[in-house]
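One structure is given below, encoded as structure tokens.
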Amino acid sequence: MTKNPKTKPGKLVLVRHGQSEWNLKNLFTGWTDVDLTENGVVEAKLAGQTLLEAGLRFDIAFTSVLVRAIRTMWLIMEEMDLMWIPTKRDWRLNERHYGALQGLNKAQTAVEHGADQVEIWRRSYNIAPPAVAIDDQRHPSFDPRYGQLKSSELPATESLEDTLARVEPYWRGQIVPELRSGRHVLVAAHGNSLRALVKILETISDVQITKLNIPTGVPRLYELDQDIHPIRAEYLGDSDNVAKATQDVADQAKI
């Protein structure tokens, strides 16, 4: 798409879904489709209120095909009276696939395999957890929502690097053109698909990205220049609450 120098890029807001049922149980979730907890609903509604109080509006929203992100997006839109705006759902914004770890407790897995190994599986950039078997019900080939995908597109496990490899083409092909046209964009997604987007946006190194934790239900606002580079990036809301929510994510695998 040709850039119009007279068109100021739209604002971008990234929101990780509110607390899910498996966040509460401290389980590796990945592509497992679980809903929000009552607290997650509150977090999503608060995100909508925060965005409204900040004077933000959206023209289009993007989310994954997993219910915890979809419901978060719905609740935000409801709070902002924006249920009518177009929304696009795509598997490429899904959480990273945690392979054979999906459904396991993070702290218990740290006891069994060692905290260092679990930290590598959770936070490293290019090391994936053990793969799930092709005949395991956790493999996405058993889920009808992925029935139109090629077998080569269905992950049995993913590193963050793998996640970024599917997120980046969608970002550049679908979301960036909307921003370039001046439209304000909301993305409601997951911890690792958003880590991938933040890595792209903020040109974070492979080493630095291992330390990035994204809190649930806290909007991150970007104002962008003509090249879709951030000129402003900040979490919205009470700074103490943001810090606590971020630390909660970091502490999930502690023994």
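Residues are named by chain letter and number: chains run A, B, ... in the order of the structure tokens, numbers start at 1 in each chain, and ligands are numbered from 1 in the order shown.
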
Shell of 6 Å around region 27-34 of chain A, only C-alpha atoms, local chain residues under 5 positions omitted, as a PDB file with N, CA, C and O atoms, in the first residue's frame:
```
ATOM      1  N   TRP A  22      -7.466 -21.123  33.307  1.00  0.00           N
ATOM      2  CA  TRP A  22      -6.189 -21.822  33.486  1.00  0.00           C
ATOM      3  C   TRP A  22      -5.086 -20.891  33.976  1.00  0.00           C
ATOM      4  O   TRP A  22      -4.115 -21.361  34.567  1.00  0.00           O
ATOM      5  N   LEU A  66      -9.485 -17.788  19.965  1.00  0.00           N
ATOM      6  CA  LEU A  66      -9.647 -18.395  21.280  1.00  0.00           C
ATOM      7  C   LEU A  66     -10.564 -17.529  22.141  1.00  0.00           C
ATOM      8  O   LEU A  66     -10.447 -16.304  22.154  1.00  0.00           O
ATOM      9  N   GLU A  95      -2.320 -17.660  21.132  1.00  0.00           N
ATOM     10  CA  GLU A  95      -1.189 -17.878  22.029  1.00  0.00           C
ATOM     11  C   GLU A  95      -0.215 -18.855  21.368  1.00  0.00           C
ATOM     12  O   GLU A  95      -0.580 -19.595  20.452  1.00  0.00           O
ATOM     13  N   ARG A  96       1.030 -18.864  21.805  1.00  0.00           N
ATOM     14  CA  ARG A  96       1.966 -19.884  21.310  1.00  0.00           C
ATOM     15  C   ARG A  96       1.469 -21.257  21.752  1.00  0.00           C
ATOM     16  O   ARG A  96       0.828 -21.393  22.800  1.00  0.00           O
ATOM     17  N   HIS A  97       1.733 -22.271  20.941  1.00  0.00           N
ATOM     18  CA  HIS A  97       1.336 -23.630  21.297  1.00  0.00           C
ATOM     19  C   HIS A  97       2.403 -24.207  22.225  1.00  0.00           C
ATOM     20  O   HIS A  97       3.579 -24.278  21.852  1.00  0.00           O
ATOM     21  N   TYR A  98       1.981 -24.610  23.426  1.00  0.00           N
ATOM     22  CA  TYR A  98       2.926 -25.096  24.424  1.00  0.00           C
ATOM     23  C   TYR A  98       3.173 -26.600  24.339  1.00  0.00           C
ATOM     24  O   TYR A  98       3.777 -27.182  25.237  1.00  0.00           O
ATOM     25  N   GLN A 102       0.908 -28.318  27.647  1.00  0.00           N
ATOM     26  CA  GLN A 102      -0.455 -27.800  27.775  1.00  0.00           C
ATOM     27  C   GLN A 102      -1.249 -28.648  28.770  1.00  0.00           C
ATOM     28  O   GLN A 102      -1.318 -29.868  28.655  1.00  0.00           O
ATOM     29  N   GLY A 103      -1.829 -27.946  29.749  1.00  0.00           N
ATOM     30  CA  GLY A 103      -2.603 -28.614  30.785  1.00  0.00           C
ATOM     31  C   GLY A 103      -1.814 -28.934  32.039  1.00  0.00           C
ATOM     32  O   GLY A 103      -2.400 -29.331  33.049  1.00  0.00           O
ATOM     33  N   LEU A 104      -0.480 -28.757  32.007  1.00  0.00           N
ATOM     34  CA  LEU A 104       0.348 -29.029  33.175  1.00  0.00           C
ATOM     35  C   LEU A 104       0.467 -27.782  34.047  1.00  0.00           C
ATOM     36  O   LEU A 104       0.457 -26.652  33.558  1.00  0.00           O
ATOM     37  N   ASN A 105       0.599 -28.009  35.351  1.00  0.00           N
ATOM     38  CA  ASN A 105       0.783 -26.902  36.286  1.00  0.00           C
ATOM     39  C   ASN A 105       2.215 -26.372  36.180  1.00  0.00           C
ATOM     40  O   ASN A 105       3.179 -27.151  36.183  1.00  0.00           O
ATOM     41  N   LYS A 106       2.367 -25.065  36.084  1.00  0.00           N
ATOM     42  CA  LYS A 106       3.688 -24.473  35.856  1.00  0.00           C
ATOM     43  C   LYS A 106       4.631 -24.703  37.030  1.00  0.00           C
ATOM     44  O   LYS A 106       5.805 -25.066  36.842  1.00  0.00           O
TER      45      LYS A 106
END
```

Skip region 135-146 of chain A itself and residues of its chain fewer than 6 positions away, then list as a ChimeraX atom specification all residues within 9 Å of it, counting only C-alpha atoms.
/A:31-32,65,91,99-100,102,154-157

Dump as a PDB file, in the first residue's frame, selection limited to N, CA, C and O atoms:
```
ATOM      1  N   TRP A  31      -2.965 -23.324  23.079  1.00  0.00           N
ATOM      2  CA  TRP A  31      -4.128 -23.308  22.194  1.00  0.00           C
ATOM      3  C   TRP A  31      -5.362 -23.941  22.834  1.00  0.00           C
ATOM      4  O   TRP A  31      -6.410 -24.037  22.203  1.00  0.00           O
ATOM      5  N   THR A  32      -5.256 -24.403  24.076  1.00  0.00           N
ATOM      6  CA  THR A  32      -6.434 -24.923  24.773  1.00  0.00           C
ATOM      7  C   THR A  32      -7.430 -23.784  24.959  1.00  0.00           C
ATOM      8  O   THR A  32      -7.051 -22.691  25.395  1.00  0.00           O
ATOM      9  N   VAL A  65      -8.651 -16.694  17.648  1.00  0.00           N
ATOM     10  CA  VAL A  65      -9.864 -17.510  17.563  1.00  0.00           C
ATOM     11  C   VAL A  65     -10.107 -18.243  18.883  1.00  0.00           C
ATOM     12  O   VAL A  65     -10.891 -19.201  18.926  1.00  0.00           O
ATOM     13  N   TRP A  91      -6.306 -17.198  13.596  1.00  0.00           N
ATOM     14  CA  TRP A  91      -5.494 -18.127  14.397  1.00  0.00           C
ATOM     15  C   TRP A  91      -4.061 -17.656  14.568  1.00  0.00           C
ATOM     16  O   TRP A  91      -3.376 -18.038  15.523  1.00  0.00           O
ATOM     17  N   GLY A  99       2.722 -27.241  23.265  1.00  0.00           N
ATOM     18  CA  GLY A  99       3.024 -28.638  23.045  1.00  0.00           C
ATOM     19  C   GLY A  99       2.569 -29.532  24.180  1.00  0.00           C
ATOM     20  O   GLY A  99       1.454 -29.412  24.700  1.00  0.00           O
ATOM     21  N   ALA A 100       3.443 -30.430  24.603  1.00  0.00           N
ATOM     22  CA  ALA A 100       3.102 -31.408  25.637  1.00  0.00           C
ATOM     23  C   ALA A 100       2.966 -30.789  27.020  1.00  0.00           C
ATOM     24  O   ALA A 100       2.526 -31.467  27.958  1.00  0.00           O
ATOM     25  N   GLN A 102       0.908 -28.318  27.647  1.00  0.00           N
ATOM     26  CA  GLN A 102      -0.455 -27.800  27.775  1.00  0.00           C
ATOM     27  C   GLN A 102      -1.249 -28.648  28.770  1.00  0.00           C
ATOM     28  O   GLN A 102      -1.318 -29.868  28.655  1.00  0.00           O
ATOM     29  N   LEU A 154      -0.143 -26.345  11.243  1.00  0.00           N
ATOM     30  CA  LEU A 154      -0.639 -26.763  12.554  1.00  0.00           C
ATOM     31  C   LEU A 154       0.535 -27.113  13.463  1.00  0.00           C
ATOM     32  O   LEU A 154       1.226 -28.112  13.244  1.00  0.00           O
ATOM     33  N   PRO A 155       0.796 -26.326  14.490  1.00  0.00           N
ATOM     34  CA  PRO A 155       1.957 -26.583  15.335  1.00  0.00           C
ATOM     35  C   PRO A 155       1.706 -27.687  16.355  1.00  0.00           C
ATOM     36  O   PRO A 155       0.606 -27.812  16.915  1.00  0.00           O
ATOM     37  N   ALA A 156       2.722 -28.478  16.599  1.00  0.00           N
ATOM     38  CA  ALA A 156       2.699 -29.449  17.693  1.00  0.00           C
ATOM     39  C   ALA A 156       3.395 -28.867  18.923  1.00  0.00           C
ATOM     40  O   ALA A 156       3.265 -29.379  20.025  1.00  0.00           O
ATOM     41  N   THR A 157       4.127 -27.794  18.732  1.00  0.00           N
ATOM     42  CA  THR A 157       4.749 -26.991  19.772  1.00  0.00           C
ATOM     43  C   THR A 157       5.284 -25.740  19.091  1.00  0.00           C
ATOM     44  O   THR A 157       5.438 -25.714  17.856  1.00  0.00           O
TER      45      THR A 157
END
```

Give the strand (DSSP E or B) residues of region 45-203 of chain A, as DSSP finds them on the backbone, and put them as number ranges by chain.
A: 60-63, 87-89, 105, 185-189

One decimal, in Å: what's the spacing between CA of Leu236 (chain A) and CA of Val67 (chain A)?
23.7 Å

Taking into account only C-alpha atoms, which residue in the set A:Gly217, A:Gly182, A:Gly191, A:Gly147 is nearest to Ala47 (chain A)?
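Ranked by minimum distance to Ala47 (chain A), first place goes to A:Gly217.
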
From A:His17, A:Arg57, A:Lys25, A:Lys88, residue lying nearest Arg183 (chain A) [only C-alpha atoms]
A:Arg57

Quick one: pick out all alpha helix (DSSP H) residues within region 39-223 of chain A from a backbone DSSP run and write them as a ChimeraX atom specification.
/A:39-53,67-79,106-113,115-123,160-170,176-180,191-202

Out of A:Arg180, A:Thr216, A:Lys150, A:Asp81, which residue has the shortest atom-to-atom distance to Thr37 (chain A) when counting only C-alpha atoms?
A:Thr216

Long-range neighbours of Leu52 (chain A) as a VMD selection string, 10 Å cut-off, only C-alpha atoms, 3 positions minimum in chain:
chain A and resid 46 to 49 55 to 57 76 to 77 79 to 81

Can I get the residues of region 11-109 of chain A within 9 Å of region 184-188 of chain A, each with the closest pair of atoms and their distance in Å to one decimal, using only C-alpha atoms, sorted chain first then ascending number, as JSON lines?
```
{"residue": "A:Lys11", "atom": "CA", "partner": "A:His184", "partner_atom": "CA", "distance": 4.8}
{"residue": "A:Leu12", "atom": "CA", "partner": "A:Val185", "partner_atom": "CA", "distance": 4.9}
{"residue": "A:Val13", "atom": "CA", "partner": "A:Leu186", "partner_atom": "CA", "distance": 4.9}
{"residue": "A:Leu14", "atom": "CA", "partner": "A:Val187", "partner_atom": "CA", "distance": 4.9}
{"residue": "A:Val15", "atom": "CA", "partner": "A:Ala188", "partner_atom": "CA", "distance": 4.8}
{"residue": "A:Arg16", "atom": "CA", "partner": "A:Ala188", "partner_atom": "CA", "distance": 5.8}
{"residue": "A:His17", "atom": "CA", "partner": "A:Ala188", "partner_atom": "CA", "distance": 6.3}
{"residue": "A:Leu56", "atom": "CA", "partner": "A:His184", "partner_atom": "CA", "distance": 8.6}
{"residue": "A:Arg57", "atom": "CA", "partner": "A:His184", "partner_atom": "CA", "distance": 6.9}
{"residue": "A:Phe58", "atom": "CA", "partner": "A:His184", "partner_atom": "CA", "distance": 4.8}
{"residue": "A:Asp59", "atom": "CA", "partner": "A:His184", "partner_atom": "CA", "distance": 5.3}
{"residue": "A:Ile60", "atom": "CA", "partner": "A:Val185", "partner_atom": "CA", "distance": 5.4}
{"residue": "A:Ala61", "atom": "CA", "partner": "A:Leu186", "partner_atom": "CA", "distance": 4.7}
{"residue": "A:Phe62", "atom": "CA", "partner": "A:Val187", "partner_atom": "CA", "distance": 4.8}
{"residue": "A:Thr63", "atom": "CA", "partner": "A:Ala188", "partner_atom": "CA", "distance": 5.0}
{"residue": "A:Ser64", "atom": "CA", "partner": "A:Ala188", "partner_atom": "CA", "distance": 7.5}
{"residue": "A:Ala69", "atom": "CA", "partner": "A:Ala188", "partner_atom": "CA", "distance": 5.7}
{"residue": "A:Ile70", "atom": "CA", "partner": "A:Ala188", "partner_atom": "CA", "distance": 7.3}
{"residue": "A:Thr72", "atom": "CA", "partner": "A:Ala188", "partner_atom": "CA", "distance": 6.9}
{"residue": "A:Met73", "atom": "CA", "partner": "A:Ala188", "partner_atom": "CA", "distance": 5.7}
{"residue": "A:Leu93", "atom": "CA", "partner": "A:Ala188", "partner_atom": "CA", "distance": 8.8}
```

Restricting the output to C-alpha atoms, write the selected residues as a PDB file, in the first residue's frame.
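See result02.pdb below for the written result:
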```pdb
ATOM      1  CA  LYS A  11      -3.293   4.746  17.405  1.00  0.00           C
ATOM      2  CA  LEU A  12      -2.685   1.116  18.376  1.00  0.00           C
ATOM      3  CA  VAL A  13      -3.699  -0.537  21.631  1.00  0.00           C
ATOM      4  CA  LEU A  14      -2.625  -4.048  22.609  1.00  0.00           C
ATOM      5  CA  VAL A  15      -4.483  -5.858  25.402  1.00  0.00           C
ATOM      6  CA  ARG A  16      -3.714  -9.290  26.775  1.00  0.00           C
ATOM      7  CA  HIS A  17      -6.931 -11.117  27.635  1.00  0.00           C
ATOM      8  CA  LEU A  56      -9.640   6.613  22.950  1.00  0.00           C
ATOM      9  CA  ARG A  57     -11.890   5.224  20.228  1.00  0.00           C
ATOM     10  CA  PHE A  58     -11.363   2.393  17.766  1.00  0.00           C
ATOM     11  CA  ASP A  59     -12.294   1.821  14.151  1.00  0.00           C
ATOM     12  CA  ILE A  60     -11.447  -1.882  13.947  1.00  0.00           C
ATOM     13  CA  ALA A  61     -10.443  -4.708  16.293  1.00  0.00           C
ATOM     14  CA  PHE A  62      -8.330  -7.828  15.822  1.00  0.00           C
ATOM     15  CA  THR A  63      -8.271 -10.929  17.985  1.00  0.00           C
ATOM     16  CA  SER A  64      -7.430 -14.621  17.955  1.00  0.00           C
ATOM     17  CA  ALA A  69      -9.304 -13.175  23.822  1.00  0.00           C
ATOM     18  CA  ILE A  70     -12.601 -12.880  21.933  1.00  0.00           C
ATOM     19  CA  THR A  72     -12.049  -9.780  26.363  1.00  0.00           C
ATOM     20  CA  MET A  73     -12.495  -7.881  23.111  1.00  0.00           C
ATOM     21  CA  LEU A  93      -2.938 -14.170  16.805  1.00  0.00           C
TER      22      LEU A  93
END
```

With distances taken over only C-alpha atoms, the candidate from A:Ala107, A:Ile175, A:Leu101, A:Val198 nearest Ala128 (chain A) is A:Leu101

With a distance cut-off of 12 Å and only C-alpha atoms, select the neighbouring residues of Ala165 (chain A), excluding the residue or stretch itself and same-chain residues fewer than 6 positions from it, and output the selection as a VMD selection string.
chain A and resid 92 to 93 96 125 to 126 153 155 158 to 159 171 to 172 193 196 to 197 199 to 200

Could you check how far CA of Leu194 (chain A) sits from CA of Ile214 (chain A), in Å to one decimal?
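A separation of 7.8 Å between them.
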